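Engineer: Structure file my_file.pdb (PDB, C-alpha atoms) right here:
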MODEL        1
ATOM      1  CA  MET Z 224    -132.599-124.316  -3.439  1.00  0.00           C
ATOM      2  CA  ASN Z 225    -130.094-125.613  -5.967  1.00  0.00           C
ATOM      3  CA  PRO Z 226    -130.285-124.443  -9.581  1.00  0.00           C
ATOM      4  CA  LYS Z 227    -131.567-126.858 -12.204  1.00  0.00           C
ATOM      5  CA  ARG Z 228    -128.803-128.917 -13.772  1.00  0.00           C
ATOM      6  CA  CYS Z 229    -130.615-129.487 -17.061  1.00  0.00           C
ATOM      7  CA  ASP Z 230    -133.515-128.183 -19.086  1.00  0.00           C
ATOM      8  CA  GLU Z 231    -135.759-129.609 -21.775  1.00  0.00           C
ATOM      9  CA  TYR Z 232    -133.278-128.658 -24.505  1.00  0.00           C
ATOM     10  CA  ASP Z 233    -130.600-130.866 -22.967  1.00  0.00           C
ATOM     11  CA  TYR Z 234    -132.937-133.854 -23.241  1.00  0.00           C
ATOM     12  CA  ILE Z 235    -134.204-132.881 -26.697  1.00  0.00           C
ATOM     13  CA  ASN Z 236    -130.624-132.633 -27.972  1.00  0.00           C
ATOM     14  CA  PHE Z 237    -129.940-136.056 -26.476  1.00  0.00           C
ATOM     15  CA  LEU Z 238    -132.998-137.536 -28.244  1.00  0.00           C
ATOM     16  CA  VAL Z 239    -131.918-136.042 -31.561  1.00  0.00           C
ATOM     17  CA  ALA Z 240    -128.423-137.508 -31.229  1.00  0.00           C
ATOM     18  CA  ALA Z 241    -129.340-140.861 -29.650  1.00  0.00           C
ATOM     19  CA  GLN Z 242    -129.463-143.843 -31.944  1.00  0.00           C
ATOM     20  CA  LYS Z 243    -130.403-146.741 -29.715  1.00  0.00           C
ATOM     21  CA  SER Z 244    -130.998-146.021 -26.025  1.00  0.00           C
ATOM     22  CA  TYR Z 245    -133.334-143.237 -24.900  1.00  0.00           C
ATOM     23  CA  SER Z 246    -133.302-143.563 -21.101  1.00  0.00           C
ATOM     24  CA  CYS Z 247    -132.518-140.816 -18.589  1.00  0.00           C
ATOM     25  CA  LEU Z 248    -129.611-142.940 -17.396  1.00  0.00           C
ATOM     26  CA  GLU Z 249    -128.147-142.959 -20.901  1.00  0.00           C
ATOM     27  CA  ALA Z 250    -128.808-139.214 -21.236  1.00  0.00           C
ATOM     28  CA  SER Z 251    -126.831-138.528 -18.056  1.00  0.00           C
ATOM     29  CA  ARG Z 252    -124.022-140.843 -19.183  1.00  0.00           C
ATOM     30  CA  VAL Z 253    -123.392-138.905 -22.408  1.00  0.00           C
ATOM     31  CA  GLN Z 254    -123.463-135.402 -20.880  1.00  0.00           C
ATOM     32  CA  PRO Z 255    -120.199-133.445 -20.973  1.00  0.00           C
ATOM     33  CA  THR Z 256    -118.174-134.095 -17.846  1.00  0.00           C
ATOM     34  CA  HIS Z 257    -118.021-131.127 -15.492  1.00  0.00           C
ATOM     35  CA  ALA Z 258    -118.645-130.514 -11.798  1.00  0.00           C
ATOM     36  CA  HIS Z 259    -122.373-129.849 -12.216  1.00  0.00           C
ATOM     37  CA  ALA Z 260    -123.230-132.358 -14.936  1.00  0.00           C
ATOM     38  CA  PRO Z 261    -126.806-133.636 -14.549  1.00  0.00           C
ATOM     39  CA  ALA Z 262    -127.352-137.100 -13.124  1.00  0.00           C
ATOM     40  CA  HIS Z 263    -130.208-139.302 -14.331  1.00  0.00           C
ATOM     41  CA  ASP Z 264    -132.448-138.204 -11.443  1.00  0.00           C
ATOM     42  CA  ALA Z 265    -131.978-134.530 -12.436  1.00  0.00           C
ATOM     43  CA  ILE Z 266    -133.133-135.357 -15.953  1.00  0.00           C
ATOM     44  CA  THR Z 267    -136.091-137.341 -14.602  1.00  0.00           C
ATOM     45  CA  ARG Z 268    -137.130-134.407 -12.375  1.00  0.00           C
ATOM     46  CA  CYS Z 269    -136.859-132.062 -15.346  1.00  0.00           C
ATOM     47  CA  LEU Z 270    -139.101-134.269 -17.483  1.00  0.00           C
ATOM     48  CA  HIS Z 271    -141.687-134.643 -14.702  1.00  0.00           C
ATOM     49  CA  SER Z 272    -141.773-130.879 -14.110  1.00  0.00           C
ATOM     50  CA  MET Z 273    -142.668-130.047 -17.722  1.00  0.00           C
ATOM     51  CA  ASN Z 274    -146.305-129.709 -18.657  1.00  0.00           C
ATOM     52  CA  PRO Z 275    -147.351-131.591 -21.794  1.00  0.00           C
ATOM     53  CA  ASP Z 276    -147.956-129.281 -24.742  1.00  0.00           C
ATOM     54  CA  ASN Z 277    -150.957-130.600 -26.644  1.00  0.00           C
ATOM     55  CA  ASP Z 278    -150.851-127.767 -29.179  1.00  0.00           C
ATOM     56  CA  ALA Z 279    -147.301-128.628 -30.240  1.00  0.00           C
ATOM     57  CA  LEU Z 280    -148.238-132.299 -30.609  1.00  0.00           C
ATOM     58  CA  TRP Z 281    -151.264-131.391 -32.715  1.00  0.00           C
ATOM     59  CA  GLN Z 282    -149.186-129.130 -34.986  1.00  0.00           C
ATOM     60  CA  GLU Z 283    -146.839-132.066 -35.652  1.00  0.00           C
ATOM     61  CA  ALA Z 284    -149.584-134.656 -36.191  1.00  0.00           C
ATOM     62  CA  GLU Z 285    -152.235-132.662 -38.083  1.00  0.00           C
ATOM     63  CA  PRO Z 286    -150.491-132.591 -41.504  1.00  0.00           C
ATOM     64  CA  MET Z 287    -150.254-136.408 -41.469  1.00  0.00           C
ATOM     65  CA  LEU Z 288    -153.967-136.983 -40.855  1.00  0.00           C
ATOM     66  CA  GLU Z 289    -156.861-137.367 -43.208  1.00  0.00           C
ATOM     67  CA  LYS Z 290    -159.603-135.779 -41.139  1.00  0.00           C
ATOM     68  CA  GLY Z 291    -162.888-137.643 -41.321  1.00  0.00           C
ATOM     69  CA  LYS Z 292    -161.161-140.975 -42.073  1.00  0.00           C
ATOM     70  CA  GLY Z 293    -160.415-142.843 -38.901  1.00  0.00           C
ATOM     71  CA  LEU Z 294    -158.966-142.113 -35.486  1.00  0.00           C
ATOM     72  CA  LEU Z 295    -155.724-140.830 -34.028  1.00  0.00           C
ATOM     73  CA  VAL Z 296    -154.620-143.070 -31.165  1.00  0.00           C
ATOM     74  CA  LEU Z 297    -151.524-142.274 -29.135  1.00  0.00           C
ATOM     75  CA  ASP Z 298    -150.246-145.209 -27.101  1.00  0.00           C
ATOM     76  CA  ASP Z 299    -146.939-144.766 -25.317  1.00  0.00           C
ATOM     77  CA  SER Z 300    -147.359-147.834 -23.131  1.00  0.00           C
ATOM     78  CA  THR Z 301    -144.895-150.695 -23.156  1.00  0.00           C
ATOM     79  CA  LEU Z 302    -147.392-153.342 -22.081  1.00  0.00           C
ATOM     80  CA  ASP Z 303    -147.206-156.792 -23.612  1.00  0.00           C
ATOM     81  CA  LYS Z 304    -149.528-157.368 -26.539  1.00  0.00           C
ATOM     82  CA  PRO Z 305    -149.718-161.179 -26.365  1.00  0.00           C
ATOM     83  CA  TYR Z 306    -152.129-161.644 -29.293  1.00  0.00           C
ATOM     84  CA  ALA Z 307    -150.391-159.330 -31.742  1.00  0.00           C
ATOM     85  CA  GLN Z 308    -148.028-161.072 -34.144  1.00  0.00           C
ATOM     86  CA  LYS Z 309    -146.607-157.870 -35.621  1.00  0.00           C
ATOM     87  CA  ILE Z 310    -147.523-154.227 -35.158  1.00  0.00           C
ATOM     88  CA  PRO Z 311    -145.884-151.703 -37.517  1.00  0.00           C
ATOM     89  CA  LEU Z 312    -143.429-149.308 -35.811  1.00  0.00           C
ATOM     90  CA  VAL Z 313    -143.577-151.280 -32.546  1.00  0.00           C
ATOM     91  CA  TYR Z 314    -140.368-152.863 -31.292  1.00  0.00           C
ATOM     92  CA  ARG Z 315    -139.384-155.004 -28.309  1.00  0.00           C
ATOM     93  CA  HIS Z 316    -138.122-153.054 -25.288  1.00  0.00           C
ATOM     94  CA  CYS Z 317    -135.154-154.534 -23.459  1.00  0.00           C
TER
ENDMDL
END
Kindly present the structure from the file in structure tokens form.
Structural biologist:
Amino acid sequence: MNPKRCDEYDYINFLVAAQKSYSCLEASRVQPTHAHAPAHDAITRCLHSMNPDNDALWQEAEPMLEKGKGLLVLDDSTLDKPYAQKIPLVYRHC
């Protein structure tokens, strides 16, 4: 079995530094060039192998909530919203 070519910190560092494109293909393109640089499929496998950490997400979101006033809805889908004219913080994906 071959060793992993990237870990979650490689992708996290990419997300911190990225300004426009956040794809695995872009992440592989900006990696330092060496013989074992990760390709986009290595980054995709790494992301699929990680278990989601609900506790970490809650620690980030909890200070921003007013408990007892509303709902917290997480929607990471990129589906068309044909009846929405403008949704804050939502941008067109190309």
Engineer: In Å to one decimal, how far is CA of Val253 (chain Z) from CA of Phe237 (chain Z)?
Structural biologist: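 The value is 8.2 Å.
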Engineer: What is the CA of Ile310 (chain Z)-CA of Glu283 (chain Z) distance in Å, reported with one decimal?
Structural biologist: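 Between CA of Ile310 (chain Z) and CA of Glu283 (chain Z) the gap is 22.2 Å.
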Engineer: CA of Asn225 (chain Z) and CA of Ala265 (chain Z) are how many Å apart?
Structural biologist: 11.2 Å
Engineer: For a quick check of your reading of the model, name the residues lying within 7 Å of the coordinate (-134.6, -141.7, -13.2), counting all atoms listed in the file, and write them as a list in words.
Structural biologist: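 Residues close enough to count: Cys247, Leu248, His263, Asp264 and Thr267 of chain Z.
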Engineer: Residues of the last selection are to be written out with C-alpha atoms, as a compact mmCIF listing (two decimals), keeping the file's coordinate frame.
Structural biologist:
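The resulting out24.txt:
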# COMPACT_ATOMS: atom_id res chain seq x y z
CA CYS Z 247 -132.52 -140.82 -18.59
CA LEU Z 248 -129.61 -142.94 -17.40
CA HIS Z 263 -130.21 -139.30 -14.33
CA ASP Z 264 -132.45 -138.20 -11.44
CA THR Z 267 -136.09 -137.34 -14.60
Engineer: With the file shown as input, list the residues that the PyMOL selection byres ((chain Z and resi 269) around 10) selects, as a list in words.
Structural biologist: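 Selection result, ordered by chain and number: Lys227, Arg228, Cys229, Asp230, Glu231, Asp233, Tyr234, His263, Asp264, Ala265, Ile266, Thr267, Arg268, Leu270, His271, Ser272 and Met273 of chain Z.
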Engineer: Please write the residues from the selection above to a file, keeping C-alpha atoms, as a JSON list (two decimals), keeping the file's coordinate frame.
Structural biologist:
[["chain", "number", "residue", "atom", "x", "y", "z"],
["Z", 227, "LYS", "CA", -131.57, -126.86, -12.20],
["Z", 228, "ARG", "CA", -128.80, -128.92, -13.77],
["Z", 229, "CYS", "CA", -130.62, -129.49, -17.06],
["Z", 230, "ASP", "CA", -133.51, -128.18, -19.09],
["Z", 231, "GLU", "CA", -135.76, -129.61, -21.78],
["Z", 233, "ASP", "CA", -130.60, -130.87, -22.97],
["Z", 234, "TYR", "CA", -132.94, -133.85, -23.24],
["Z", 263, "HIS", "CA", -130.21, -139.30, -14.33],
["Z", 264, "ASP", "CA", -132.45, -138.20, -11.44],
["Z", 265, "ALA", "CA", -131.98, -134.53, -12.44],
["Z", 266, "ILE", "CA", -133.13, -135.36, -15.95],
["Z", 267, "THR", "CA", -136.09, -137.34, -14.60],
["Z", 268, "ARG", "CA", -137.13, -134.41, -12.38],
["Z", 270, "LEU", "CA", -139.10, -134.27, -17.48],
["Z", 271, "HIS", "CA", -141.69, -134.64, -14.70],
["Z", 272, "SER", "CA", -141.77, -130.88, -14.11],
["Z", 273, "MET", "CA", -142.67, -130.05, -17.72]]
Engineer: Nearest to Ala250 (chain Z): which of Z:Gln282, Z:Asn274, Z:Asn236, Z:Gln308 is it, counting all atoms listed in the file?
Structural biologist: Z:Asn236
Engineer: Under the rule that all atoms listed in the file are counted, which of Z:Ala240, Z:Lys292, Z:Pro226, Z:Ala279 is the nearest residue to Pro261 (chain Z)?
Structural biologist: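 Distance minimum relative to Pro261 (chain Z) lands on Z:Pro226.
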Engineer: Mind rebuilding region 239-268 of chain Z with N, CA and C atoms and writing that out as a PDB file, keeping the file's coordinate frame?
Structural biologist:
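The file below, rebuild_31.pdb, is the result:
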ATOM      1  N   VAL Z 239    -132.288-136.231 -30.167  1.00  0.00           N
ATOM      2  CA  VAL Z 239    -131.918-136.042 -31.561  1.00  0.00           C
ATOM      3  C   VAL Z 239    -130.652-136.830 -31.899  1.00  0.00           C
ATOM      4  N   ALA Z 240    -129.704-136.853 -30.968  1.00  0.00           N
ATOM      5  CA  ALA Z 240    -128.423-137.508 -31.229  1.00  0.00           C
ATOM      6  C   ALA Z 240    -128.423-139.004 -30.922  1.00  0.00           C
ATOM      7  N   ALA Z 241    -129.332-139.450 -30.070  1.00  0.00           N
ATOM      8  CA  ALA Z 241    -129.340-140.861 -29.650  1.00  0.00           C
ATOM      9  C   ALA Z 241    -129.746-141.752 -30.813  1.00  0.00           C
ATOM     10  N   GLN Z 242    -129.141-142.915 -30.867  1.00  0.00           N
ATOM     11  CA  GLN Z 242    -129.463-143.843 -31.944  1.00  0.00           C
ATOM     12  C   GLN Z 242    -130.100-145.122 -31.449  1.00  0.00           C
ATOM     13  N   LYS Z 243    -129.897-145.461 -30.179  1.00  0.00           N
ATOM     14  CA  LYS Z 243    -130.403-146.741 -29.715  1.00  0.00           C
ATOM     15  C   LYS Z 243    -131.102-146.662 -28.360  1.00  0.00           C
ATOM     16  N   SER Z 244    -130.474-146.042 -27.387  1.00  0.00           N
ATOM     17  CA  SER Z 244    -130.998-146.021 -26.025  1.00  0.00           C
ATOM     18  C   SER Z 244    -131.496-144.624 -25.686  1.00  0.00           C
ATOM     19  N   TYR Z 245    -132.705-144.530 -25.157  1.00  0.00           N
ATOM     20  CA  TYR Z 245    -133.334-143.237 -24.900  1.00  0.00           C
ATOM     21  C   TYR Z 245    -133.668-143.032 -23.429  1.00  0.00           C
ATOM     22  N   SER Z 246    -132.979-143.667 -22.518  1.00  0.00           N
ATOM     23  CA  SER Z 246    -133.302-143.563 -21.101  1.00  0.00           C
ATOM     24  C   SER Z 246    -132.633-142.342 -20.470  1.00  0.00           C
ATOM     25  N   CYS Z 247    -133.134-141.921 -19.320  1.00  0.00           N
ATOM     26  CA  CYS Z 247    -132.518-140.816 -18.589  1.00  0.00           C
ATOM     27  C   CYS Z 247    -131.124-141.206 -18.115  1.00  0.00           C
ATOM     28  N   LEU Z 248    -130.930-142.470 -17.799  1.00  0.00           N
ATOM     29  CA  LEU Z 248    -129.611-142.940 -17.396  1.00  0.00           C
ATOM     30  C   LEU Z 248    -128.615-142.767 -18.544  1.00  0.00           C
ATOM     31  N   GLU Z 249    -129.015-143.136 -19.742  1.00  0.00           N
ATOM     32  CA  GLU Z 249    -128.147-142.959 -20.901  1.00  0.00           C
ATOM     33  C   GLU Z 249    -127.919-141.477 -21.188  1.00  0.00           C
ATOM     34  N   ALA Z 250    -128.948-140.655 -21.014  1.00  0.00           N
ATOM     35  CA  ALA Z 250    -128.808-139.214 -21.236  1.00  0.00           C
ATOM     36  C   ALA Z 250    -127.793-138.614 -20.275  1.00  0.00           C
ATOM     37  N   SER Z 251    -127.802-139.055 -19.020  1.00  0.00           N
ATOM     38  CA  SER Z 251    -126.831-138.528 -18.056  1.00  0.00           C
ATOM     39  C   SER Z 251    -125.424-139.042 -18.363  1.00  0.00           C
ATOM     40  N   ARG Z 252    -125.322-140.255 -18.884  1.00  0.00           N
ATOM     41  CA  ARG Z 252    -124.022-140.843 -19.183  1.00  0.00           C
ATOM     42  C   ARG Z 252    -123.293-140.097 -20.297  1.00  0.00           C
ATOM     43  N   VAL Z 253    -124.017-139.548 -21.250  1.00  0.00           N
ATOM     44  CA  VAL Z 253    -123.392-138.905 -22.408  1.00  0.00           C
ATOM     45  C   VAL Z 253    -123.257-137.386 -22.263  1.00  0.00           C
ATOM     46  N   GLN Z 254    -123.628-136.832 -21.114  1.00  0.00           N
ATOM     47  CA  GLN Z 254    -123.463-135.402 -20.880  1.00  0.00           C
ATOM     48  C   GLN Z 254    -121.977-135.060 -20.772  1.00  0.00           C
ATOM     49  N   PRO Z 255    -121.593-133.854 -21.151  1.00  0.00           N
ATOM     50  CA  PRO Z 255    -120.199-133.445 -20.973  1.00  0.00           C
ATOM     51  C   PRO Z 255    -119.817-133.530 -19.497  1.00  0.00           C
ATOM     52  N   THR Z 256    -118.601-133.937 -19.232  1.00  0.00           N
ATOM     53  CA  THR Z 256    -118.174-134.095 -17.846  1.00  0.00           C
ATOM     54  C   THR Z 256    -117.722-132.753 -17.284  1.00  0.00           C
ATOM     55  N   HIS Z 257    -118.403-132.306 -16.258  1.00  0.00           N
ATOM     56  CA  HIS Z 257    -118.021-131.127 -15.492  1.00  0.00           C
ATOM     57  C   HIS Z 257    -118.606-131.278 -14.095  1.00  0.00           C
ATOM     58  N   ALA Z 258    -118.273-130.375 -13.216  1.00  0.00           N
ATOM     59  CA  ALA Z 258    -118.645-130.514 -11.798  1.00  0.00           C
ATOM     60  C   ALA Z 258    -120.151-130.570 -11.581  1.00  0.00           C
ATOM     61  N   HIS Z 259    -120.916-129.895 -12.402  1.00  0.00           N
ATOM     62  CA  HIS Z 259    -122.373-129.849 -12.216  1.00  0.00           C
ATOM     63  C   HIS Z 259    -123.122-130.544 -13.348  1.00  0.00           C
ATOM     64  N   ALA Z 260    -122.553-131.590 -13.887  1.00  0.00           N
ATOM     65  CA  ALA Z 260    -123.230-132.358 -14.936  1.00  0.00           C
ATOM     66  C   ALA Z 260    -124.474-133.018 -14.350  1.00  0.00           C
ATOM     67  N   PRO Z 261    -125.580-133.057 -15.096  1.00  0.00           N
ATOM     68  CA  PRO Z 261    -126.806-133.636 -14.549  1.00  0.00           C
ATOM     69  C   PRO Z 261    -126.732-135.154 -14.432  1.00  0.00           C
ATOM     70  N   ALA Z 262    -127.217-135.659 -13.311  1.00  0.00           N
ATOM     71  CA  ALA Z 262    -127.352-137.100 -13.124  1.00  0.00           C
ATOM     72  C   ALA Z 262    -128.713-137.519 -13.672  1.00  0.00           C
ATOM     73  N   HIS Z 263    -128.951-138.832 -13.744  1.00  0.00           N
ATOM     74  CA  HIS Z 263    -130.208-139.302 -14.331  1.00  0.00           C
ATOM     75  C   HIS Z 263    -131.422-138.820 -13.546  1.00  0.00           C
ATOM     76  N   ASP Z 264    -131.296-138.667 -12.220  1.00  0.00           N
ATOM     77  CA  ASP Z 264    -132.448-138.204 -11.443  1.00  0.00           C
ATOM     78  C   ASP Z 264    -132.747-136.728 -11.720  1.00  0.00           C
ATOM     79  N   ALA Z 265    -131.736-135.923 -12.067  1.00  0.00           N
ATOM     80  CA  ALA Z 265    -131.978-134.530 -12.436  1.00  0.00           C
ATOM     81  C   ALA Z 265    -132.755-134.457 -13.748  1.00  0.00           C
ATOM     82  N   ILE Z 266    -132.423-135.326 -14.674  1.00  0.00           N
ATOM     83  CA  ILE Z 266    -133.133-135.357 -15.953  1.00  0.00           C
ATOM     84  C   ILE Z 266    -134.560-135.840 -15.749  1.00  0.00           C
ATOM     85  N   THR Z 267    -134.740-136.846 -14.905  1.00  0.00           N
ATOM     86  CA  THR Z 267    -136.091-137.341 -14.602  1.00  0.00           C
ATOM     87  C   THR Z 267    -136.933-136.244 -13.971  1.00  0.00           C
ATOM     88  N   ARG Z 268    -136.388-135.507 -13.005  1.00  0.00           N
ATOM     89  CA  ARG Z 268    -137.130-134.407 -12.375  1.00  0.00           C
ATOM     90  C   ARG Z 268    -137.499-133.350 -13.401  1.00  0.00           C
TER      91      ARG Z 268
END
